[in-house]
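File shown: data-v1.tsv (TSV, C-alpha atoms and all ligand atoms).
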chain	number	residue	atom	x	y	z
A	270	MET	CA	-31.30	12.17	-0.97
A	271	ILE	CA	-28.70	13.14	-3.63
A	272	GLU	CA	-28.46	10.57	-6.45
A	273	ILE	CA	-25.62	10.15	-8.95
A	274	MET	CA	-26.53	10.14	-12.68
A	275	ASP	CA	-24.80	7.73	-15.09
A	276	LYS	CA	-23.08	10.64	-16.84
A	277	GLU	CA	-21.80	12.03	-13.52
A	278	PHE	CA	-20.47	8.60	-12.53
A	279	GLU	CA	-18.62	8.41	-15.88
A	280	GLN	CA	-16.99	11.79	-15.17
A	281	ILE	CA	-15.97	10.74	-11.65
A	282	LYS	CA	-14.55	7.50	-13.09
A	283	ASP	CA	-12.56	9.52	-15.59
A	284	ILE	CA	-11.11	11.87	-12.92
A	285	MET	CA	-10.15	8.90	-10.72
A	286	TYR	CA	-8.48	7.15	-13.65
A	287	ARG	CA	-6.55	10.23	-14.81
A	288	ARG	CA	-5.28	11.08	-11.34
A	289	THR	CA	-4.58	7.61	-9.87
A	290	GLY	CA	-4.72	5.00	-12.65
A	291	VAL	CA	-7.52	3.25	-10.73
A	292	HIS	CA	-10.31	2.00	-12.96
A	293	LEU	CA	-13.66	2.15	-11.10
A	294	LYS	CA	-15.96	-0.64	-12.33
A	295	PRO	CA	-19.67	0.13	-13.03
A	296	THR	CA	-20.52	-1.95	-9.93
A	297	LYS	CA	-18.79	0.73	-7.82
A	298	LYS	CA	-21.47	3.32	-8.61
A	299	PRO	CA	-23.43	2.84	-5.33
A	300	LEU	CA	-20.18	2.93	-3.33
A	301	VAL	CA	-19.06	6.17	-5.01
A	302	MET	CA	-22.45	7.67	-4.26
A	303	THR	CA	-22.44	6.75	-0.56
A	304	ARG	CA	-18.82	7.72	0.02
A	305	LEU	CA	-19.16	11.17	-1.59
A	306	ARG	CA	-22.72	12.10	-0.67
A	307	GLY	CA	-21.83	13.40	2.81
A	308	ARG	CA	-19.14	15.63	1.30
A	309	LEU	CA	-21.63	17.16	-1.13
A	310	GLU	CA	-23.95	17.90	1.80
A	311	GLU	CA	-21.07	19.53	3.73
A	312	LEU	CA	-20.38	21.71	0.69
A	313	ARG	CA	-24.15	22.46	0.41
A	314	MET	CA	-24.25	21.01	-3.10
A	315	THR	CA	-27.31	19.22	-4.45
A	316	ARG	CA	-25.86	17.70	-7.65
A	317	PHE	CA	-22.76	15.56	-8.31
A	318	LEU	CA	-22.21	17.74	-11.37
A	319	ASP	CA	-21.45	20.75	-9.10
A	320	TYR	CA	-19.01	18.62	-7.12
A	321	ILE	CA	-17.25	17.53	-10.34
A	322	VAL	CA	-16.77	21.19	-11.40
A	323	HIS	CA	-15.43	21.98	-7.90
A	324	LEU	CA	-13.06	19.00	-8.03
A	325	GLU	CA	-11.68	19.86	-11.46
A	326	LYS	CA	-10.84	23.41	-10.26
A	327	ASP	CA	-9.23	22.17	-7.04
A	328	LYS	CA	-5.46	22.41	-6.58
A	329	GLY	CA	-5.15	19.87	-3.75
A	330	PRO	CA	-7.31	19.56	-0.64
A	331	GLU	CA	-10.53	18.44	-2.36
A	332	PHE	CA	-8.65	16.00	-4.52
A	333	GLU	CA	-7.05	14.58	-1.36
A	334	PHE	CA	-10.50	14.10	0.15
A	335	PHE	CA	-11.74	12.49	-3.09
A	336	ILE	CA	-8.85	9.98	-3.24
A	337	ASN	CA	-9.09	9.17	0.46
A	338	ALA	CA	-12.82	8.46	0.04
A	339	LEU	CA	-12.56	6.29	-3.07
A	340	THR	CA	-9.48	4.08	-2.69
A	341	THR	CA	-9.85	0.49	-1.47
A	342	ASN	CA	-7.56	-0.06	1.51
A	343	GLU	CA	-8.22	-3.66	2.55
A	344	THR	CA	-5.08	-5.27	4.03
A	345	TYR	CA	-3.82	-7.39	6.94
A	346	PHE	CA	-0.56	-8.58	8.49
A	347	PHE	CA	1.36	-11.37	6.72
A	348	ARG	CA	-1.04	-11.42	3.76
A	349	HIS	CA	0.29	-14.17	1.42
A	350	THR	CA	2.42	-15.58	4.27
A	351	LYS	CA	4.52	-17.73	1.92
A	352	GLN	CA	6.05	-14.60	0.42
A	353	PHE	CA	7.31	-13.53	3.87
A	354	ASN	CA	8.84	-17.00	4.33
A	355	PHE	CA	10.54	-16.55	0.95
A	356	LEU	CA	11.85	-13.17	2.12
A	357	TYR	CA	13.28	-14.73	5.28
A	358	GLU	CA	14.64	-17.94	3.77
A	359	LYS	CA	15.88	-16.83	0.35
A	360	VAL	CA	16.04	-13.06	-0.13
A	361	PHE	CA	17.60	-11.88	3.15
A	362	PRO	CA	20.31	-14.62	3.18
A	363	GLU	CA	21.23	-13.68	-0.41
A	364	LEU	CA	21.47	-9.98	0.54
A	365	LEU	CA	23.92	-10.83	3.36
A	366	GLU	CA	26.38	-11.77	0.64
A	367	LYS	CA	25.42	-9.17	-1.98
A	368	LYS	CA	25.42	-6.17	0.40
A	369	LYS	CA	28.28	-7.20	2.68
A	370	THR	CA	30.18	-3.96	2.01
A	371	SER	CA	27.41	-1.45	2.75
A	372	ARG	CA	25.55	-3.73	5.22
A	373	GLU	CA	22.38	-1.84	4.36
A	374	VAL	CA	19.20	-3.33	2.93
A	375	ARG	CA	16.78	-0.99	1.14
A	376	ILE	CA	13.09	-1.92	0.99
A	377	TRP	CA	10.05	-0.06	-0.39
A	378	SER	CA	6.45	-1.07	0.33
A	379	ALA	CA	4.42	1.01	-2.14
A	380	ALA	CA	0.60	1.14	-1.79
A	381	SER	CA	1.13	0.23	1.87
A	382	SER	CA	-2.37	1.23	3.03
A	383	THR	CA	-2.67	1.25	6.85
A	384	GLY	CA	0.79	-0.26	7.36
A	385	GLU	CA	0.18	-3.97	7.84
A	386	GLU	CA	2.40	-4.88	4.86
A	387	PRO	CA	5.48	-2.76	5.72
A	388	TYR	CA	5.25	-3.73	9.40
A	389	SER	CA	5.08	-7.42	8.40
A	390	ILE	CA	8.30	-6.82	6.43
A	391	ALA	CA	9.78	-5.03	9.47
A	392	LEU	CA	8.86	-7.96	11.76
A	393	THR	CA	10.42	-10.43	9.30
A	394	ALA	CA	13.57	-8.30	9.00
A	395	LYS	CA	13.78	-7.93	12.79
A	396	SER	CA	13.65	-11.73	13.23
A	397	PHE	CA	16.30	-12.30	10.58
A	398	PHE	CA	18.80	-9.51	11.27
A	399	LYS	CA	18.85	-10.03	15.06
A	400	ASN	CA	21.35	-12.78	14.23
A	401	HIS	CA	23.38	-10.39	12.05
A	402	PRO	CA	24.34	-7.36	14.12
A	403	GLY	CA	25.63	-4.28	12.35
A	404	TRP	CA	23.10	-4.49	9.52
A	405	LYS	CA	20.76	-1.58	8.78
A	406	VAL	CA	17.27	-2.06	7.30
A	407	ASN	CA	16.05	1.05	5.52
A	408	LEU	CA	12.30	0.55	5.08
A	409	ILE	CA	10.12	3.11	3.28
A	410	ALA	CA	6.35	2.77	2.86
A	411	SER	CA	4.08	4.90	0.69
A	412	ASP	CA	0.48	5.29	-0.40
A	413	ILE	CA	-1.51	7.89	-2.32
A	414	ASN	CA	-4.13	8.06	0.50
A	415	THR	CA	-3.05	10.45	3.29
A	416	GLU	CA	-5.60	9.14	5.79
A	417	VAL	CA	-4.29	5.56	5.75
A	418	LEU	CA	-0.73	6.89	6.14
A	419	GLU	CA	-1.76	8.64	9.38
A	420	ASP	CA	-3.40	5.43	10.65
A	421	ALA	CA	-0.27	3.50	9.74
A	422	LYS	CA	1.93	5.82	11.82
A	423	ASN	CA	-0.29	5.22	14.87
A	424	GLY	CA	0.07	1.45	14.53
A	425	ILE	CA	-3.18	0.40	16.19
A	426	TYR	CA	-4.71	-2.77	14.75
A	427	SER	CA	-7.77	-4.97	15.17
A	428	GLU	CA	-7.76	-8.62	16.16
A	429	ARG	CA	-8.78	-9.45	12.58
A	430	SER	CA	-5.88	-7.53	11.08
A	431	ILE	CA	-3.25	-9.37	13.14
A	432	LYS	CA	-4.75	-12.87	12.92
A	433	GLU	CA	-1.87	-14.18	10.72
A	434	VAL	CA	0.91	-12.79	12.94
A	435	PRO	CA	2.93	-15.72	14.35
A	436	ALA	CA	2.19	-16.11	18.11
A	437	PRO	CA	5.73	-15.31	19.36
A	438	LEU	CA	5.80	-12.06	17.35
A	439	LYS	CA	2.32	-11.13	18.53
A	440	GLN	CA	3.33	-11.69	22.13
A	441	LYS	CA	6.56	-9.73	21.80
A	442	TYR	CA	5.50	-6.73	19.70
A	443	PHE	CA	1.74	-6.14	20.24
A	444	SER	CA	0.00	-4.98	23.39
A	445	GLU	CA	-3.73	-4.86	24.07
A	446	CYS	CA	-5.17	-1.34	23.98
A	447	ASP	CA	-7.32	-0.06	26.79
A	448	LYS	CA	-10.72	-1.77	26.63
A	449	ASN	CA	-12.51	1.48	27.61
A	450	ASN	CA	-12.40	2.87	24.08
A	451	ASN	CA	-15.97	1.71	23.37
A	452	ARG	CA	-14.93	-0.47	20.44
A	453	MET	CA	-16.59	-3.79	19.85
A	454	TRP	CA	-13.29	-5.48	18.92
A	455	GLN	CA	-10.07	-5.61	20.87
A	456	GLN	CA	-7.41	-3.30	19.44
A	457	TYR	CA	-3.63	-3.86	19.60
A	458	GLN	CA	-0.80	-1.34	19.71
A	459	LEU	CA	2.32	-2.27	17.74
A	460	SER	CA	5.54	-1.58	19.69
A	461	LYS	CA	7.63	1.54	19.10
A	462	GLU	CA	10.59	-0.68	18.23
A	463	ILE	CA	8.78	-1.85	15.07
A	464	LEU	CA	6.96	1.44	14.35
A	465	SER	CA	10.28	3.24	14.24
A	466	MET	CA	11.63	0.90	11.54
A	467	VAL	CA	9.25	2.27	8.86
A	468	HIS	CA	9.29	5.74	7.31
A	469	PHE	CA	5.94	6.67	5.68
A	470	THR	CA	5.52	9.12	2.81
A	471	GLN	CA	2.84	9.96	0.24
A	472	HIS	CA	3.47	8.81	-3.32
A	473	ASN	CA	1.35	8.30	-6.44
A	474	LEU	CA	2.53	5.21	-8.32
A	475	LEU	CA	1.84	6.86	-11.68
A	476	GLY	CA	4.91	9.06	-11.08
A	477	GLN	CA	8.58	8.18	-10.52
A	478	PHE	CA	9.60	7.72	-6.89
A	479	ARG	CA	12.43	10.03	-5.77
A	480	GLU	CA	14.33	7.13	-4.16
A	481	ARG	CA	16.28	4.51	-6.14
A	482	ASP	CA	18.39	1.39	-5.64
A	483	PHE	CA	15.93	-0.67	-3.64
A	484	ASP	CA	16.83	-4.31	-3.03
A	485	ILE	CA	13.17	-5.21	-2.52
A	486	ILE	CA	9.91	-3.58	-3.65
A	487	PHE	CA	6.40	-4.69	-2.65
A	488	ILE	CA	3.45	-3.43	-4.74
A	489	ARG	CA	0.69	-5.85	-3.88
A	490	ASN	CA	-3.06	-5.76	-4.41
A	491	VAL	CA	-3.16	-2.40	-6.17
A	492	MET	CA	-2.45	-3.24	-9.82
A	493	ILE	CA	-5.72	-5.23	-9.86
A	494	TYR	CA	-7.44	-1.83	-10.03
A	495	PHE	CA	-5.31	-0.67	-13.01
A	496	ASP	CA	-5.75	-1.23	-16.73
A	497	ASN	CA	-2.76	-2.34	-18.85
A	498	GLU	CA	-1.64	1.18	-19.67
A	499	SER	CA	-1.44	2.29	-16.00
A	500	LYS	CA	0.07	-1.04	-15.02
A	501	GLN	CA	2.83	-0.60	-17.62
A	502	LYS	CA	3.57	2.89	-16.25
A	503	VAL	CA	3.78	1.56	-12.67
A	504	VAL	CA	5.99	-1.37	-13.65
A	505	ASP	CA	8.35	0.92	-15.61
A	506	ASN	CA	8.56	3.26	-12.60
A	507	VAL	CA	9.23	0.35	-10.26
A	508	SER	CA	11.88	-1.02	-12.55
A	509	ALA	CA	13.70	2.33	-12.44
A	510	SER	CA	13.70	2.25	-8.60
A	511	LEU	CA	14.86	-1.36	-8.26
A	512	ALA	CA	18.56	-2.26	-8.11
A	513	ALA	CA	19.88	-4.87	-10.58
A	514	GLY	CA	19.07	-8.29	-9.10
A	515	GLY	CA	16.42	-6.68	-6.85
A	516	TYR	CA	13.19	-8.47	-5.96
A	517	PHE	CA	9.70	-7.27	-6.89
A	518	PHE	CA	6.71	-8.67	-4.93
A	519	ILE	CA	3.16	-8.52	-6.30
A	520	SER	CA	0.09	-10.34	-4.98
A	521	LEU	CA	-0.98	-13.87	-5.84
A	522	SER	CA	-4.06	-12.55	-7.63
A	523	GLU	CA	-1.97	-10.35	-9.95
A	524	SER	CA	0.42	-11.11	-12.81
A	525	LEU	CA	2.85	-9.26	-15.06
A	526	ASN	CA	1.90	-11.37	-18.12
A	527	ASP	CA	0.26	-8.46	-19.92
A	528	VAL	CA	3.10	-5.90	-19.49
A	529	ARG	CA	6.66	-5.60	-20.83
A	530	THR	CA	9.32	-6.14	-18.12
A	531	SER	CA	12.92	-7.11	-17.61
A	532	PHE	CA	11.99	-9.36	-14.68
A	533	SER	CA	12.04	-13.11	-14.30
A	534	THR	CA	9.72	-15.11	-12.04
A	535	VAL	CA	11.44	-16.63	-9.00
A	536	PHE	CA	8.53	-17.55	-6.71
A	537	SER	CA	4.72	-17.14	-6.52
A	538	GLY	CA	4.17	-13.44	-7.15
A	539	VAL	CA	7.89	-12.66	-6.83
A	540	TYR	CA	10.05	-11.39	-9.70
A	541	GLN	CA	13.74	-10.50	-9.99
A	542	LYS	CA	15.24	-7.72	-12.09
B	1	LIG	C1	-5.91	-2.99	-1.30
B	1	LIG	S1	-4.70	-1.89	-0.68
B	1	LIG	C2	-3.25	-2.95	-0.68
B	1	LIG	C3	-2.49	-2.90	0.63
B	1	LIG	C4	-1.30	-3.83	0.72
B	1	LIG	N1	-0.33	-3.56	-0.31
B	1	LIG	C5	-1.72	-5.28	0.69
B	1	LIG	O1	-1.45	-5.96	-0.31
B	1	LIG	O2	-2.32	-5.76	1.65
B	1	LIG	C6	-4.41	-0.85	-2.11
B	1	LIG	C7	-3.77	0.49	-1.76
B	1	LIG	O3	-3.32	1.10	-2.97
B	1	LIG	C8	-3.43	2.51	-2.83
B	1	LIG	N2	-3.41	3.15	-4.16
B	1	LIG	C9	-4.38	3.17	-5.10
B	1	LIG	N3	-3.97	3.87	-6.18
B	1	LIG	C10	-2.71	4.28	-5.92
B	1	LIG	C11	-1.76	5.05	-6.65
B	1	LIG	N4	-2.00	5.51	-7.88
B	1	LIG	N5	-0.56	5.29	-6.07
B	1	LIG	C12	-0.29	4.82	-4.82
B	1	LIG	N6	-1.15	4.10	-4.08
B	1	LIG	C13	-2.35	3.82	-4.63
B	1	LIG	C14	-4.75	2.67	-2.06
B	1	LIG	O4	-4.83	3.91	-1.40
B	1	LIG	C15	-4.71	1.48	-1.10
B	1	LIG	O5	-4.23	1.83	0.17

Will you turn the file into structure tokens for me?
Ligand SMILES: C[S@@+](CC[C@H](N)C(=O)[O-])C[C@H]1O[C@@H](n2cnc3c(N)ncnc32)[C@H](O)[C@@H]1O
Amino acid sequence: MIEIMDKEFEQIKDIMYRRTGVHLKPTKKPLVMTRLRGRLEELRMTRFLDYIVHLEKDKGPEFEFFINALTTNETYFFRHTKQFNFLYEKVFPELLEKKKTSREVRIWSAASSTGEEPYSIALTAKSFFKNHPGWKVNLIASDINTEVLEDAKNGIYSERSIKEVPAPLKQKYFSECDKNNNRMWQQYQLSKEILSMVHFTQHNLLGQFRERDFDIIFIRNVMIYFDNESKQKVVDNVSASLAAGGYFFISLSESLNDVRTSFSTVFSGVYQK
């Protein structure tokens, strides 16, 4: 069995940090070993050191595999439900007034993982704007991990993932998948009507996003993996993509206390530029 040496783990940590901003804690060593071991075997390598040399020379595909294997993608629908209530009750009504000329709302869910967050935004927007015909919701979602983006486009979710979806929305927009797929848990297919509201694209938060002027940006449960330097970079990039008066959502276990921003707090985990 291939084992990872402390020095090799340090080098992997360094590559991950340089490329994604994610700081792998020492406790992640066993996880790194199990997630990459199979790849080393496929490449007929017997030492992590050889894999590190291979990775450093790589121009893309191996790095993509590396990121996909090592990112943490835990998520579920309507995570921090109160923030979605705030979106419905405070942010959307305010935008009706602010954007009454263009009648277009621009939203970005960055670090969207397998899509539960952007689709929760889409479901909230659908419920709100059905009473306001003529409005367009432009919803973009991104992640650095290409595998989760593919899963997100398929829109198939487990019972566990949709447990916080309000019953009427679950009934209207989710259908049970065929039980013959040999899975232990029931899977649900999200309707095309909601799938088509979100456009997915790959983006690394350490760089500037090509799109600007968002009214709302969600970057939740990813900055917990960043140190202050990376977090500052991400927040500066977000700030550049957010319209004046725009809302920035982070998770309830994160804060912006240790970075410089031009935002003010308006709700739990919600800031305004
Ligand atoms: C724990 S999930 C959060 C999902 C969702 N935002 C939520 O709060 O439920 C963190 C996501 O951040 C992504 N990620 C990590 N580093 C990133 C980076 N530098 N740029 C973009 N996405 C990144 C991971 O691939 C992962 O899907």

message: Set the distance at 6 Å and use all atoms listed in the file: which residues neighbour segment 467-474 of chain A once local chain neighbours fewer than 5 positions away are removed? I'd like the list as a PyMOL selection string.
response: chain A and resi 408-413+503

Counting all atoms listed in the file, which residues of chain A fall within 6 Å of ligand LIG 1 (chain B), and what is the closest atom pair for each with its distance in Å at one decimal, ordered by chain and rising number, as CSV?
residue,atom,partner,partner_atom,distance
A:Thr289,CA,B:LIG1,N4,3.9
A:Gly290,CA,B:LIG1,N4,5.5
A:Val291,CA,B:LIG1,N3,5.8
A:Thr340,CA,B:LIG1,O4,4.8
A:Thr341,CA,B:LIG1,C15,5.2
A:Asn342,CA,B:LIG1,S1,4.0
A:Glu343,CA,B:LIG1,C1,4.5
A:Thr344,CA,B:LIG1,O2,3.7
A:Tyr345,CA,B:LIG1,O2,5.7
A:Ala380,CA,B:LIG1,O3,4.1
A:Ser381,CA,B:LIG1,N1,4.6
A:Ser382,CA,B:LIG1,O5,3.5
A:Glu386,CA,B:LIG1,C4,5.7
A:Asp412,CA,B:LIG1,N6,4.2
A:Ile413,CA,B:LIG1,C12,4.1
A:Asn414,CA,B:LIG1,O4,4.6
A:His472,CA,B:LIG1,C12,5.7
A:Asn473,CA,B:LIG1,N5,3.6
A:Leu474,CA,B:LIG1,N5,3.8
A:Leu475,CA,B:LIG1,N4,5.6
A:Ile488,CA,B:LIG1,N1,5.8
A:Arg489,CA,B:LIG1,O1,4.2
A:Asn490,CA,B:LIG1,O1,4.4
A:Val491,CA,B:LIG1,C6,4.5

Considering only C-alpha atoms, return as an mmCIF file with C-alpha atoms, keeping the file's coordinate frame whatever protein or nucleic-acid residues lie within 10 Å of segment 438-442 of chain A, sequence-local ones (same chain, fewer than 4 positions apart) excluded.
data_model
loop_
_atom_site.group_PDB
_atom_site.id
_atom_site.type_symbol
_atom_site.label_atom_id
_atom_site.label_comp_id
_atom_site.auth_asym_id
_atom_site.auth_seq_id
_atom_site.Cartn_x
_atom_site.Cartn_y
_atom_site.Cartn_z
ATOM 1 C CA LEU A 392 8.860 -7.960 11.760
ATOM 2 C CA THR A 393 10.420 -10.430 9.300
ATOM 3 C CA SER A 396 13.650 -11.730 13.230
ATOM 4 C CA ILE A 431 -3.250 -9.370 13.140
ATOM 5 C CA LYS A 432 -4.750 -12.870 12.920
ATOM 6 C CA GLU A 433 -1.870 -14.180 10.720
ATOM 7 C CA VAL A 434 0.910 -12.790 12.940
ATOM 8 C CA TYR A 457 -3.630 -3.860 19.600
ATOM 9 C CA GLN A 458 -0.800 -1.340 19.710
ATOM 10 C CA LEU A 459 2.320 -2.270 17.740
ATOM 11 C CA SER A 460 5.540 -1.580 19.690
ATOM 12 C CA LYS A 461 7.630 1.540 19.100
ATOM 13 C CA GLU A 462 10.590 -0.680 18.230
ATOM 14 C CA ILE A 463 8.780 -1.850 15.070
ATOM 15 C CA LEU A 464 6.960 1.440 14.350
#

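Within 12 Å of the point (6.5, 4.2, -15.0), and counting all atoms listed in the file, the protein, DNA and RNA residues are Gly290, Asn473, Leu474, Leu475, Gly476, Gln477, Phe478, Asn497, Glu498, Ser499, Lys500, Gln501, Lys502, Val503, Val504, Asp505, Asn506, Val507, Ser508, Ala509, Ser510, Val528, Arg529 and Thr530 of chain A.
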
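The closest residue to Arg316 of chain A, picked from A:Lys276, A:Lys328, A:Lys298, A:His349 and counting all atoms listed in the file, is A:Lys276.
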
Compute the distance from (20.1, -12.4, 2.0) to each atom, counting only C-alpha atoms, keep the residues with any atom at most 12 Å away, and return them as a PDB file with C-alpha atoms, in the coordinates of the input; use the coordinates of the file.
ATOM      1  CA  PHE A 355      10.540 -16.550   0.950  1.00  0.00           C
ATOM      2  CA  LEU A 356      11.850 -13.170   2.120  1.00  0.00           C
ATOM      3  CA  TYR A 357      13.280 -14.730   5.280  1.00  0.00           C
ATOM      4  CA  GLU A 358      14.640 -17.940   3.770  1.00  0.00           C
ATOM      5  CA  LYS A 359      15.880 -16.830   0.350  1.00  0.00           C
ATOM      6  CA  VAL A 360      16.040 -13.060  -0.130  1.00  0.00           C
ATOM      7  CA  PHE A 361      17.600 -11.880   3.150  1.00  0.00           C
ATOM      8  CA  PRO A 362      20.310 -14.620   3.180  1.00  0.00           C
ATOM      9  CA  GLU A 363      21.230 -13.680  -0.410  1.00  0.00           C
ATOM     10  CA  LEU A 364      21.470  -9.980   0.540  1.00  0.00           C
ATOM     11  CA  LEU A 365      23.920 -10.830   3.360  1.00  0.00           C
ATOM     12  CA  GLU A 366      26.380 -11.770   0.640  1.00  0.00           C
ATOM     13  CA  LYS A 367      25.420  -9.170  -1.980  1.00  0.00           C
ATOM     14  CA  LYS A 368      25.420  -6.170   0.400  1.00  0.00           C
ATOM     15  CA  LYS A 369      28.280  -7.200   2.680  1.00  0.00           C
ATOM     16  CA  ARG A 372      25.550  -3.730   5.220  1.00  0.00           C
ATOM     17  CA  GLU A 373      22.380  -1.840   4.360  1.00  0.00           C
ATOM     18  CA  VAL A 374      19.200  -3.330   2.930  1.00  0.00           C
ATOM     19  CA  ARG A 375      16.780  -0.990   1.140  1.00  0.00           C
ATOM     20  CA  ALA A 394      13.570  -8.300   9.000  1.00  0.00           C
ATOM     21  CA  PHE A 397      16.300 -12.300  10.580  1.00  0.00           C
ATOM     22  CA  PHE A 398      18.800  -9.510  11.270  1.00  0.00           C
ATOM     23  CA  HIS A 401      23.380 -10.390  12.050  1.00  0.00           C
ATOM     24  CA  TRP A 404      23.100  -4.490   9.520  1.00  0.00           C
ATOM     25  CA  VAL A 406      17.270  -2.060   7.300  1.00  0.00           C
ATOM     26  CA  ASP A 484      16.830  -4.310  -3.030  1.00  0.00           C
ATOM     27  CA  ILE A 485      13.170  -5.210  -2.520  1.00  0.00           C
ATOM     28  CA  GLY A 514      19.070  -8.290  -9.100  1.00  0.00           C
ATOM     29  CA  GLY A 515      16.420  -6.680  -6.850  1.00  0.00           C
ATOM     30  CA  TYR A 516      13.190  -8.470  -5.960  1.00  0.00           C
TER      31      TYR A 516
END

message: Give me, as a VMD selection string, all polymer residues having an atom no more than 12 Å from Thr296 of chain A, counting only C-alpha atoms and skipping those fewer than 4 positions away in the same chain.
response: chain A and resid 275 278 282 292 300 to 302

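Of the listed residues A:Leu309, A:Ala513, A:Leu521, A:Leu293, the one whose atoms come nearest to Gln352 of chain A is A:Leu521, with distances taken using only C-alpha atoms.
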
Compile the contact shell of Phe332 of chain A as a PDB file with C-alpha atoms, in the frame of the given file: residues with an atom at most 10 Å away, counting all atoms listed in the file, same-chain residues fewer than 4 positions apart removed.
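Dumped everything to out_14.pdb:
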ATOM      1  CA  ILE A 284     -11.110  11.870 -12.920  1.00  0.00           C
ATOM      2  CA  MET A 285     -10.150   8.900 -10.720  1.00  0.00           C
ATOM      3  CA  ARG A 288      -5.280  11.080 -11.340  1.00  0.00           C
ATOM      4  CA  HIS A 323     -15.430  21.980  -7.900  1.00  0.00           C
ATOM      5  CA  LEU A 324     -13.060  19.000  -8.030  1.00  0.00           C
ATOM      6  CA  GLU A 325     -11.680  19.860 -11.460  1.00  0.00           C
ATOM      7  CA  LYS A 326     -10.840  23.410 -10.260  1.00  0.00           C
ATOM      8  CA  ASP A 327      -9.230  22.170  -7.040  1.00  0.00           C
ATOM      9  CA  LYS A 328      -5.460  22.410  -6.580  1.00  0.00           C
ATOM     10  CA  ILE A 336      -8.850   9.980  -3.240  1.00  0.00           C
ATOM     11  CA  ASN A 337      -9.090   9.170   0.460  1.00  0.00           C
ATOM     12  CA  ALA A 338     -12.820   8.460   0.040  1.00  0.00           C
TER      13      ALA A 338
END

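Atom pair atom CA of Val417 of chain A / atom CA of Trp454 of chain A has a distance of 19.4 Å (rounded to one decimal).
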
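From atom CA of Phe487 of chain A back to atom CA of Pro330 of chain A, the distance works out to 27.9 Å.
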
field: Proximity to Met274 of chain A - best of A:Phe317, A:Phe443, A:Lys297, A:Glu428, only C-alpha atoms
entry: A:Phe317

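The space between atom CA of Gly384 of chain A and atom CA of Phe346 of chain A spans 8.5 Å.
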
Would you mind completing segment 325-337 of chain A to N, CA and C atoms and writing the output as a compact mmCIF listing (two decimals), keeping the file's coordinate frame?
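And here's out.txt as it stands now:
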# COMPACT_ATOMS: atom_id res chain seq x y z
N GLU A 325 -12.56 19.58 -10.32
CA GLU A 325 -11.68 19.86 -11.46
C GLU A 325 -10.91 21.17 -11.26
N LYS A 326 -11.51 22.11 -10.50
CA LYS A 326 -10.84 23.41 -10.26
C LYS A 326 -9.84 23.32 -9.11
N ASP A 327 -9.97 22.27 -8.29
CA ASP A 327 -9.23 22.17 -7.04
C ASP A 327 -7.73 21.95 -7.27
N LYS A 328 -6.91 22.57 -6.43
CA LYS A 328 -5.46 22.41 -6.58
C LYS A 328 -4.90 21.36 -5.60
N GLY A 329 -5.71 20.85 -4.70
CA GLY A 329 -5.15 19.87 -3.75
C GLY A 329 -6.10 19.30 -2.72
N PRO A 330 -6.58 20.12 -1.78
CA PRO A 330 -7.31 19.56 -0.64
C PRO A 330 -8.55 18.74 -1.02
N GLU A 331 -9.32 19.20 -2.01
CA GLU A 331 -10.53 18.44 -2.36
C GLU A 331 -10.16 17.13 -3.05
N PHE A 332 -9.11 17.20 -3.84
CA PHE A 332 -8.65 16.00 -4.52
C PHE A 332 -8.18 14.96 -3.48
N GLU A 333 -7.51 15.47 -2.42
CA GLU A 333 -7.05 14.58 -1.36
C GLU A 333 -8.25 13.90 -0.70
N PHE A 334 -9.29 14.68 -0.44
CA PHE A 334 -10.50 14.10 0.15
C PHE A 334 -11.10 13.03 -0.78
N PHE A 335 -11.16 13.37 -2.06
CA PHE A 335 -11.74 12.49 -3.09
C PHE A 335 -11.00 11.14 -3.14
N ILE A 336 -9.67 11.20 -3.18
CA ILE A 336 -8.85 9.98 -3.24
C ILE A 336 -9.04 9.17 -1.95
N ASN A 337 -8.96 9.88 -0.82
CA ASN A 337 -9.09 9.17 0.46
C ASN A 337 -10.44 8.45 0.56
